[in-house]
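Trainee: The file below is work_9.cif, mmCIF, C-alpha atoms:
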```cif
data_protein
#
loop_
_atom_site.group_PDB
_atom_site.id
_atom_site.type_symbol
_atom_site.label_atom_id
_atom_site.label_comp_id
_atom_site.auth_asym_id
_atom_site.auth_seq_id
_atom_site.Cartn_x
_atom_site.Cartn_y
_atom_site.Cartn_z
ATOM 1 C CA MET B 575 103.707 105.211 114.950
ATOM 2 C CA SER B 576 102.916 107.180 118.087
ATOM 3 C CA ALA B 577 99.992 109.519 118.705
ATOM 4 C CA ALA B 578 100.460 112.993 120.111
ATOM 5 C CA ARG B 579 100.636 113.236 123.874
ATOM 6 C CA ALA B 580 97.381 114.402 125.486
ATOM 7 C CA PRO B 581 97.512 117.718 127.367
ATOM 8 C CA ALA B 582 97.690 117.432 131.134
ATOM 9 C CA GLY B 583 94.261 117.220 132.738
ATOM 10 C CA GLU B 584 92.455 116.315 129.514
ATOM 11 C CA ALA B 585 89.926 113.493 129.780
ATOM 12 C CA MET B 586 90.940 110.189 128.219
ATOM 13 C CA ALA B 587 89.523 109.755 124.737
ATOM 14 C CA SER B 588 86.767 107.158 124.349
ATOM 15 C CA ARG B 589 88.975 105.048 122.094
ATOM 16 C CA ASP B 590 91.770 105.029 124.676
ATOM 17 C CA LEU B 591 89.324 104.307 127.485
ATOM 18 C CA LEU B 592 88.090 101.234 125.597
ATOM 19 C CA ALA B 593 91.702 100.194 124.996
ATOM 20 C CA ALA B 594 92.461 100.444 128.724
ATOM 21 C CA LEU B 595 89.376 98.397 129.602
ATOM 22 C CA ALA B 596 90.326 95.801 126.975
ATOM 23 C CA VAL B 597 93.733 95.445 128.621
ATOM 24 C CA VAL B 598 92.041 94.953 132.000
ATOM 25 C CA VAL B 599 89.962 92.066 130.615
ATOM 26 C CA ILE B 600 92.889 90.529 128.712
ATOM 27 C CA TRP B 601 95.180 90.592 131.742
ATOM 28 C CA GLY B 602 92.417 89.479 134.098
ATOM 29 C CA LEU B 603 91.784 86.351 132.024
ATOM 30 C CA ASN B 604 95.546 85.903 131.964
ATOM 31 C CA PHE B 605 95.484 84.327 135.427
ATOM 32 C CA VAL B 606 93.198 81.496 134.367
ATOM 33 C CA VAL B 607 95.220 80.851 131.212
ATOM 34 C CA MET B 608 98.462 80.769 133.207
ATOM 35 C CA LYS B 609 96.962 78.221 135.583
ATOM 36 C CA TRP B 610 96.066 76.041 132.583
ATOM 37 C CA GLY B 611 99.541 76.429 131.099
ATOM 38 C CA LEU B 612 101.219 75.497 134.374
ATOM 39 C CA ARG B 613 99.570 72.091 134.205
ATOM 40 C CA TYR B 614 101.937 71.190 131.365
ATOM 41 C CA PHE B 615 104.959 73.468 131.845
ATOM 42 C CA THR B 616 107.092 74.484 134.795
ATOM 43 C CA PRO B 617 107.015 78.249 135.572
ATOM 44 C CA PHE B 618 110.270 78.938 133.722
ATOM 45 C CA GLN B 619 109.303 76.737 130.773
ATOM 46 C CA LEU B 620 106.012 78.584 130.424
ATOM 47 C CA GLY B 621 107.901 81.887 130.543
ATOM 48 C CA ALA B 622 110.207 80.794 127.731
ATOM 49 C CA VAL B 623 107.366 79.483 125.553
ATOM 50 C CA ARG B 624 105.294 82.603 126.198
ATOM 51 C CA TYR B 625 107.974 84.948 124.933
ATOM 52 C CA VAL B 626 108.871 82.801 121.950
ATOM 53 C CA PHE B 627 105.237 83.186 120.869
ATOM 54 C CA ALA B 628 105.330 86.904 121.653
ATOM 55 C CA ALA B 629 108.442 87.531 119.579
ATOM 56 C CA LEU B 630 107.574 85.284 116.654
ATOM 57 C CA PRO B 631 106.693 85.983 113.960
ATOM 58 C CA LEU B 632 106.472 89.744 114.565
ATOM 59 C CA VAL B 633 110.221 90.376 114.767
ATOM 60 C CA PHE B 634 110.487 89.211 111.157
ATOM 61 C CA PHE B 635 108.047 91.914 110.033
ATOM 62 C CA LEU B 636 108.713 94.808 112.426
ATOM 63 C CA LYS B 637 111.894 96.840 112.422
ATOM 64 C CA PRO B 638 113.692 97.175 115.781
ATOM 65 C CA PRO B 639 112.385 100.158 117.772
ATOM 66 C CA ARG B 640 114.272 103.397 117.208
ATOM 67 C CA MET B 641 115.876 103.668 120.621
ATOM 68 C CA HIS B 642 118.950 102.596 122.544
ATOM 69 C CA TRP B 643 119.105 98.832 123.068
ATOM 70 C CA ARG B 644 119.341 99.256 126.855
ATOM 71 C CA TRP B 645 115.641 100.178 127.061
ATOM 72 C CA VAL B 646 114.648 97.058 125.158
ATOM 73 C CA LEU B 647 116.877 94.956 127.423
ATOM 74 C CA ARG B 648 115.620 96.513 130.673
ATOM 75 C CA PHE B 649 111.962 96.281 129.688
ATOM 76 C CA GLY B 650 112.372 92.657 128.664
ATOM 77 C CA LEU B 651 114.107 91.736 131.899
ATOM 78 C CA PHE B 652 111.694 93.471 134.273
ATOM 79 C CA GLN B 653 108.455 92.877 132.363
ATOM 80 C CA GLY B 654 109.436 89.368 131.318
ATOM 81 C CA VAL B 655 111.868 87.613 133.628
ATOM 82 C CA GLY B 656 111.076 89.614 136.759
ATOM 83 C CA GLN B 657 107.321 89.962 136.593
ATOM 84 C CA PHE B 658 106.426 86.577 135.182
ATOM 85 C CA GLY B 659 109.220 84.631 136.832
ATOM 86 C CA PHE B 660 107.736 85.616 140.196
ATOM 87 C CA GLY B 661 104.156 85.581 138.935
ATOM 88 C CA PHE B 662 104.248 82.060 137.514
ATOM 89 C CA PHE B 663 105.702 80.719 140.740
ATOM 90 C CA ALA B 664 102.984 82.519 142.719
ATOM 91 C CA LEU B 665 100.305 80.825 140.626
ATOM 92 C CA LYS B 666 102.102 77.472 140.870
ATOM 93 C CA LEU B 667 101.794 77.801 144.662
ATOM 94 C CA GLY B 668 98.060 78.261 144.375
ATOM 95 C CA MET B 669 97.685 82.070 144.236
ATOM 96 C CA ALA B 670 94.486 82.479 142.212
ATOM 97 C CA ILE B 671 94.619 86.235 141.624
ATOM 98 C CA ALA B 672 96.944 89.167 142.010
ATOM 99 C CA ALA B 673 97.011 90.812 145.429
ATOM 100 C CA ALA B 674 94.519 93.636 145.185
ATOM 101 C CA GLY B 675 92.830 95.074 148.195
ATOM 102 C CA LEU B 676 95.905 93.838 150.061
ATOM 103 C CA VAL B 677 94.641 94.690 153.511
ATOM 104 C CA CYS B 678 91.442 92.731 152.955
ATOM 105 C CA PHE B 679 93.277 89.774 151.474
ATOM 106 C CA ALA B 680 95.790 89.802 154.312
ATOM 107 C CA MET B 681 92.906 89.243 156.730
ATOM 108 C CA ASN B 682 92.936 85.646 155.472
ATOM 109 C CA PHE B 683 96.063 85.259 157.608
ATOM 110 C CA ILE B 684 95.470 87.577 160.556
ATOM 111 C CA GLY B 685 91.696 87.421 160.915
ATOM 112 C CA PRO B 686 89.652 84.994 163.037
ATOM 113 C CA GLY B 687 90.243 81.381 162.042
ATOM 114 C CA ALA B 688 93.229 82.248 159.852
ATOM 115 C CA LYS B 689 95.740 79.510 159.200
ATOM 116 C CA GLY B 690 99.321 79.589 158.033
ATOM 117 C CA THR B 691 98.457 78.234 154.622
ATOM 118 C CA GLY B 692 95.834 80.892 153.973
ATOM 119 C CA VAL B 693 92.216 80.619 152.887
ATOM 120 C CA GLY B 694 90.812 80.009 149.451
ATOM 121 C CA GLY B 695 94.049 78.571 148.057
ATOM 122 C CA ALA B 696 96.156 81.685 148.634
ATOM 123 C CA THR B 697 99.428 81.251 150.505
ATOM 124 C CA LEU B 698 101.549 83.840 152.242
ATOM 125 C CA VAL B 699 104.489 82.887 150.038
ATOM 126 C CA GLY B 700 102.244 83.228 146.996
ATOM 127 C CA ILE B 701 101.247 86.742 148.009
ATOM 128 C CA CYS B 702 104.891 87.711 148.593
ATOM 129 C CA LEU B 703 105.873 86.407 145.168
ATOM 130 C CA THR B 704 102.947 88.252 143.595
ATOM 131 C CA LEU B 705 104.124 91.476 145.249
ATOM 132 C CA CYS B 706 107.602 90.907 143.808
ATOM 133 C CA ALA B 707 106.025 90.415 140.383
ATOM 134 C CA ALA B 708 104.015 93.616 140.825
ATOM 135 C CA SER B 709 107.177 95.517 141.740
ATOM 136 C CA CYS B 710 108.907 94.323 138.573
ATOM 137 C CA TRP B 711 105.844 95.308 136.552
ATOM 138 C CA ALA B 712 105.949 98.798 138.082
ATOM 139 C CA VAL B 713 109.629 99.136 137.177
ATOM 140 C CA SER B 714 108.868 98.024 133.613
ATOM 141 C CA ASN B 715 106.299 100.840 133.374
ATOM 142 C CA ILE B 716 108.947 103.317 134.492
ATOM 143 C CA VAL B 717 111.369 101.925 131.913
ATOM 144 C CA SER B 718 108.713 102.285 129.230
ATOM 145 C CA ARG B 719 108.108 105.931 130.172
ATOM 146 C CA LEU B 720 111.827 106.742 130.231
ATOM 147 C CA ALA B 721 112.290 105.055 126.859
ATOM 148 C CA GLN B 722 109.469 107.164 125.439
ATOM 149 C CA GLN B 723 111.000 110.348 126.813
ATOM 150 C CA GLU B 724 114.384 109.568 125.292
ATOM 151 C CA SER B 725 113.001 108.263 121.994
ATOM 152 C CA PRO B 726 109.709 110.017 121.202
ATOM 153 C CA GLY B 727 107.855 108.618 118.242
ATOM 154 C CA TYR B 728 108.947 105.008 118.734
ATOM 155 C CA ASN B 729 106.618 102.172 117.784
ATOM 156 C CA PRO B 730 105.149 100.579 120.970
ATOM 157 C CA LEU B 731 104.285 97.343 119.147
ATOM 158 C CA SER B 732 107.839 96.982 117.863
ATOM 159 C CA PHE B 733 109.161 97.810 121.339
ATOM 160 C CA VAL B 734 107.120 95.027 122.962
ATOM 161 C CA ALA B 735 107.839 92.473 120.232
ATOM 162 C CA TRP B 736 111.614 92.969 120.229
ATOM 163 C CA SER B 737 111.720 93.167 124.029
ATOM 164 C CA SER B 738 110.088 89.745 124.090
ATOM 165 C CA LEU B 739 113.307 88.228 122.761
ATOM 166 C CA VAL B 740 115.120 89.222 125.951
ATOM 167 C CA PRO B 741 113.442 86.870 128.480
ATOM 168 C CA VAL B 742 113.718 83.728 126.337
ATOM 169 C CA LEU B 743 117.350 82.847 127.065
ATOM 170 C CA PRO B 744 117.159 83.638 130.823
ATOM 171 C CA PHE B 745 114.039 81.472 131.142
ATOM 172 C CA LEU B 746 115.721 78.638 129.214
ATOM 173 C CA ALA B 747 118.789 78.893 131.449
ATOM 174 C CA LEU B 748 116.631 78.830 134.578
ATOM 175 C CA THR B 749 114.772 75.815 133.210
ATOM 176 C CA ALA B 750 118.038 73.964 132.634
ATOM 177 C CA VAL B 751 119.117 74.679 136.216
ATOM 178 C CA THR B 752 115.843 73.947 138.021
ATOM 179 C CA ASP B 753 114.270 71.165 135.938
ATOM 180 C CA ALA B 754 116.065 67.842 136.374
ATOM 181 C CA ASP B 755 114.255 66.481 133.317
ATOM 182 C CA ALA B 756 114.753 69.521 131.070
ATOM 183 C CA GLY B 757 116.532 67.390 128.465
ATOM 184 C CA ARG B 758 113.244 65.848 127.393
ATOM 185 C CA TRP B 759 112.388 69.042 125.530
ATOM 186 C CA LEU B 760 115.235 68.309 123.134
ATOM 187 C CA HIS B 761 113.113 65.504 121.681
ATOM 188 C CA ALA B 762 110.213 66.149 119.328
ATOM 189 C CA ASP B 763 108.083 63.537 121.088
ATOM 190 C CA ALA B 764 107.832 65.720 124.216
ATOM 191 C CA TRP B 765 106.450 68.619 122.202
ATOM 192 C CA ALA B 766 104.117 66.385 120.208
ATOM 193 C CA ALA B 767 102.658 64.972 123.429
ATOM 194 C CA LEU B 768 101.437 68.392 124.578
ATOM 195 C CA PRO B 769 97.631 68.750 124.306
ATOM 196 C CA PRO B 770 96.049 71.575 122.287
ATOM 197 C CA ILE B 771 95.146 73.483 125.467
ATOM 198 C CA ALA B 772 98.845 73.818 126.327
ATOM 199 C CA TRP B 773 99.567 75.417 122.957
ATOM 200 C CA ALA B 774 96.443 77.576 123.203
ATOM 201 C CA ALA B 775 97.555 78.840 126.620
ATOM 202 C CA ALA B 776 101.027 79.678 125.302
ATOM 203 C CA ALA B 777 99.550 81.436 122.265
ATOM 204 C CA TYR B 778 97.187 83.509 124.414
ATOM 205 C CA LEU B 779 99.973 84.493 126.805
ATOM 206 C CA GLY B 780 102.328 85.414 123.981
ATOM 207 C CA TRP B 781 100.124 86.995 121.351
ATOM 208 C CA VAL B 782 97.153 88.326 123.293
ATOM 209 C CA ALA B 783 98.381 89.085 126.812
ATOM 210 C CA THR B 784 101.876 90.228 125.778
ATOM 211 C CA ILE B 785 101.663 91.687 122.277
ATOM 212 C CA VAL B 786 98.092 93.032 122.327
ATOM 213 C CA GLY B 787 97.930 93.788 126.061
ATOM 214 C CA TYR B 788 101.358 95.349 126.518
ATOM 215 C CA GLY B 789 101.216 96.953 123.088
ATOM 216 C CA LEU B 790 98.030 98.821 124.044
ATOM 217 C CA TRP B 791 99.320 99.573 127.543
ATOM 218 C CA THR B 792 102.642 100.955 126.312
ATOM 219 C CA SER B 793 100.833 103.010 123.689
ATOM 220 C CA LEU B 794 98.633 104.537 126.411
ATOM 221 C CA LEU B 795 101.709 105.391 128.464
ATOM 222 C CA THR B 796 103.133 107.323 125.511
ATOM 223 C CA ARG B 797 100.044 109.561 125.387
ATOM 224 C CA TYR B 798 98.989 109.972 129.016
ATOM 225 C CA PRO B 799 100.768 110.480 132.349
ATOM 226 C CA ALA B 800 101.396 107.271 134.265
ATOM 227 C CA ASN B 801 99.013 108.365 137.037
ATOM 228 C CA ARG B 802 96.188 108.436 134.474
ATOM 229 C CA VAL B 803 96.907 104.978 133.075
ATOM 230 C CA ALA B 804 98.162 102.958 136.041
ATOM 231 C CA PRO B 805 94.877 102.998 138.047
ATOM 232 C CA PHE B 806 93.241 100.843 135.388
ATOM 233 C CA SER B 807 95.488 97.994 136.494
ATOM 234 C CA LEU B 808 93.417 97.887 139.697
ATOM 235 C CA GLY B 809 90.652 96.257 137.704
ATOM 236 C CA VAL B 810 92.824 93.313 136.610
ATOM 237 C CA PRO B 811 92.545 91.380 139.908
ATOM 238 C CA VAL B 812 88.773 91.876 139.910
ATOM 239 C CA VAL B 813 88.484 90.259 136.468
ATOM 240 C CA GLY B 814 90.948 87.598 137.585
ATOM 241 C CA LEU B 815 88.880 86.926 140.695
ATOM 242 C CA ALA B 816 85.689 86.485 138.652
ATOM 243 C CA ALA B 817 87.455 84.371 136.010
ATOM 244 C CA GLY B 818 89.011 82.128 138.644
ATOM 245 C CA LEU B 819 85.649 81.686 140.323
ATOM 246 C CA LEU B 820 83.857 80.777 137.092
ATOM 247 C CA ALA B 821 86.519 78.822 135.217
ATOM 248 C CA LEU B 822 88.538 77.219 137.988
ATOM 249 C CA GLY B 823 86.062 76.960 140.842
ATOM 250 C CA GLU B 824 88.350 79.023 143.084
ATOM 251 C CA VAL B 825 87.094 79.746 146.599
ATOM 252 C CA VAL B 826 86.526 83.466 147.229
ATOM 253 C CA THR B 827 86.457 84.651 150.831
ATOM 254 C CA ALA B 828 84.452 87.553 152.236
ATOM 255 C CA TRP B 829 87.638 89.573 152.703
ATOM 256 C CA GLN B 830 88.560 89.034 149.055
ATOM 257 C CA TRP B 831 85.111 90.212 147.971
ATOM 258 C CA ALA B 832 85.617 93.276 150.176
ATOM 259 C CA GLY B 833 88.975 93.903 148.530
ATOM 260 C CA ALA B 834 87.391 93.616 145.082
ATOM 261 C CA ALA B 835 84.651 96.071 146.104
ATOM 262 C CA CYS B 836 87.296 98.564 147.258
ATOM 263 C CA VAL B 837 89.093 98.213 143.937
ATOM 264 C CA VAL B 838 85.898 98.838 141.960
ATOM 265 C CA MET B 839 85.113 101.925 144.041
ATOM 266 C CA ALA B 840 88.645 103.190 143.495
ATOM 267 C CA LEU B 841 88.246 102.785 139.734
ATOM 268 C CA VAL B 842 84.942 104.670 139.805
ATOM 269 C CA CYS B 843 86.681 107.539 141.569
ATOM 270 C CA VAL B 844 89.732 107.550 139.289
ATOM 271 C CA VAL B 845 88.165 107.111 135.855
ATOM 272 C CA PRO B 846 85.027 109.314 135.729
ATOM 273 C CA GLY B 847 85.958 111.255 138.873
ATOM 274 C CA PRO B 848 87.909 114.069 137.141
ATOM 275 C CA ARG B 849 85.040 114.673 134.694
ATOM 276 C CA TRP B 850 82.515 114.888 137.527
ATOM 277 C CA SER B 851 84.802 117.262 139.392
ATOM 278 C CA ARG B 852 85.088 119.608 136.412
ATOM 279 C CA ARG B 853 81.315 119.616 135.910
ATOM 280 C CA ARG B 854 80.730 120.623 139.520
ATOM 281 C CA SER B 855 83.436 123.265 139.571
ATOM 282 C CA PRO B 856 82.113 126.808 139.043
ATOM 283 C CA PRO B 857 83.279 128.485 135.822
ATOM 284 C CA ARG B 858 86.296 130.725 136.200
ATOM 285 C CA THR B 859 85.722 134.432 135.819
ATOM 286 C CA PRO B 860 88.350 136.426 133.966
ATOM 287 C CA SER B 861 90.541 138.516 136.252
ATOM 288 C CA GLY B 862 90.655 142.236 135.909
ATOM 289 C CA PRO B 863 93.489 144.153 134.286
#
```
Can you dump the structure from the file as structure tokens?
Mentor:
Amino acid sequence: MSAARAPAGEAMASRDLLAALAVVVIWGLNFVVMKWGLRYFTPFQLGAVRYVFAALPLVFFLKPPRMHWRWVLRFGLFQGVGQFGFGFFALKLGMAIAAAGLVCFAMNFIGPGAKGTGVGGATLVGICLTLCAASCWAVSNIVSRLAQQESPGYNPLSFVAWSSLVPVLPFLALTAVTDADAGRWLHADAWAALPPIAWAAAAYLGWVATIVGYGLWTSLLTRYPANRVAPFSLGVPVVGLAAGLLALGEVVTAWQWAGAACVVMALVCVVPGPRWSRRRSPPRTPSGP
């Protein structure tokens, strides 16, 4: 189930544009939901629970993707263990949003009155971990594109669902190593004591952010060049910034607002920019014989 690849230079279809914007909102809200989930789980526990939700029950209804297993393994490791292993720790250290407008956000540390712990809850370590998570996410996009090139016509939803099985065991192993009280999860009472919001956060992260979000994103990457799709990810921190401000009462500094403004301007240039450019370009005249 894969749509034909759009010709180079062709404007993104309205349906695909809405899908990209939906992913931006889903992933932007992701930061708030992760913060809620981390109140009840450690970073590695939340990673394991997230991908159990993402894989189940879809793997019982979807056939494995028609591709070599190494692509499923690599995508699961980079998109799952790498990105969210770093990302959850960044949020646990108080990083409210992903590092967008990095120069502006860095001014929290090098500008007047900056302190070593940062401003607005962001820490230097948190930013570094977020950058590591972003690097793993970028590699997972490359893996997705290479998988599509080797196995055209694969089902993106099946690819994401089956890849979600990969991070579960590594996250469980990391939990066993880092959590001195990990044995409590072997008892039903520990699971029963979790409040509904903990389960809701895990369900959102697994079913909405992973299956819906990455399913749409991977599908877009099968139809458009990466440089047409990737810029939409710039909008995720802006949504995350607004969601953190409204839902969590996060402090937003002037430099962070400036970074968000730069991101919005970049999106305006990237998304409708090519259409405006074509409208302003003079029509080509046929060359002579």
Trainee: For Pro741 of chain B, find every residue with an atom within 9 Å (counting all atoms listed in the file), except residues of its own chain fewer than 3 positions away, and show them as an NGL selection string.
Mentor: :B and (621-622 or 625-626 or 647 or 650-655 or 737-738 or 744-746)
Trainee: Generate a file of the selected residues that holds C-alpha atoms, formatted as a PDB file, keeping the file's coordinate frame.
Mentor:
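Result saved to out04.pdb:
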```pdb
ATOM      1  CA  GLY B 621     107.901  81.887 130.543  1.00  0.00           C
ATOM      2  CA  ALA B 622     110.207  80.794 127.731  1.00  0.00           C
ATOM      3  CA  TYR B 625     107.974  84.948 124.933  1.00  0.00           C
ATOM      4  CA  VAL B 626     108.871  82.801 121.950  1.00  0.00           C
ATOM      5  CA  LEU B 647     116.877  94.956 127.423  1.00  0.00           C
ATOM      6  CA  GLY B 650     112.372  92.657 128.664  1.00  0.00           C
ATOM      7  CA  LEU B 651     114.107  91.736 131.899  1.00  0.00           C
ATOM      8  CA  PHE B 652     111.694  93.471 134.273  1.00  0.00           C
ATOM      9  CA  GLN B 653     108.455  92.877 132.363  1.00  0.00           C
ATOM     10  CA  GLY B 654     109.436  89.368 131.318  1.00  0.00           C
ATOM     11  CA  VAL B 655     111.868  87.613 133.628  1.00  0.00           C
ATOM     12  CA  SER B 737     111.720  93.167 124.029  1.00  0.00           C
ATOM     13  CA  SER B 738     110.088  89.745 124.090  1.00  0.00           C
ATOM     14  CA  PRO B 744     117.159  83.638 130.823  1.00  0.00           C
ATOM     15  CA  PHE B 745     114.039  81.472 131.142  1.00  0.00           C
ATOM     16  CA  LEU B 746     115.721  78.638 129.214  1.00  0.00           C
TER      17      LEU B 746
END
```
Trainee: Name the closest residue to Arg613 of chain B among the candidates B:Leu795, B:Val713, B:Val825, B:Ala772; distances are taken between atoms, counting all atoms listed in the file.
Mentor: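 Residue with the minimum atom-to-atom distance to Arg613 of chain B: B:Ala772.
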Trainee: My list of candidates is B:Leu794, B:Val782, B:Ala721, B:Cys836. Which is closest to Arg624 of chain B when distances are computed with all atoms listed in the file?
Mentor: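 Of B:Leu794, B:Val782, B:Ala721, B:Cys836, the one nearest Arg624 of chain B, counting all atoms listed in the file, is B:Val782.
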Trainee: As an exercise, work out the distance from atom CA of Tyr614 of chain B to atom CA of Cys710 of chain B in Å and give it to one decimal place.
Mentor: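 Interatomic distance here is 25.2 Å.
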Trainee: What would the selection look like, as a PyMOL selection string, if the PyMOL selection byres ((chain B and resi 838) around 12) were run on the coordinates I just shared?
Mentor: chain B and resi 674-675+805-813+831-837+839-845
Trainee: I'd like to know which of B:Trp711, B:Tyr778, B:Phe733, B:Trp773 is closest to Val606 of chain B, using only C-alpha atoms.
Mentor: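 Counting only C-alpha atoms, the residue closest to Val606 of chain B is B:Tyr778.
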Trainee: When distances are computed from all atoms listed in the file, which of B:Ala594, B:Trp829, B:Phe618, B:Ile785 shows the smallest separation from Ala804 of chain B?
Mentor: B:Ala594
Trainee: Find the residue from B:Val717, B:Leu790, B:Leu705, B:Met641 that sits nearest to Val598 of chain B; use all atoms listed in the file when measuring.
Mentor: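 Closest residue, counting all atoms listed in the file: B:Leu790.
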Trainee: Using all atoms listed in the file, list the residues that have an atom at most 9 Å from (95.1, 80.9, 128.8), coordinates as in the file, as a PyMOL selection string.
Mentor: chain B and resi 603-611+771-772+774-779
Trainee: How far is it from atom CA of Ala712 of chain B to atom CA of Val740 of chain B, in Å with one decimal?
Mentor: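 Result for atom CA of Ala712 of chain B versus atom CA of Val740 of chain B: 18.0 Å, one decimal.
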Trainee: Determine, counting all atoms listed in the file, which protein, DNA and RNA residues have an atom within 7 Å of an atom of Pro730 of chain B; residues of the same chain fewer than 3 positions away are not included. Present the result as a count of residues only.
Mentor: 5
Trainee: Neighbouring residues of Ala593 of chain B were defined as those with any atom within 10 Å, considering all atoms listed in the file; residues of the same chain fewer than 2 positions away were excluded. Please report them as a list in words.
Mentor: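 Here the answer would be Ala587, Ser588, Arg589, Asp590, Leu591, Leu595, Ala596, Val597, Val598, Val786, Gly787, Leu790, Trp791, Ser793 and Leu794 of chain B.
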Trainee: Ranking B:Ala735, B:Leu820, B:Leu720, B:Leu632 by minimum distance to Trp645 of chain B and counting all atoms listed in the file, which one comes first?
Mentor: B:Leu720
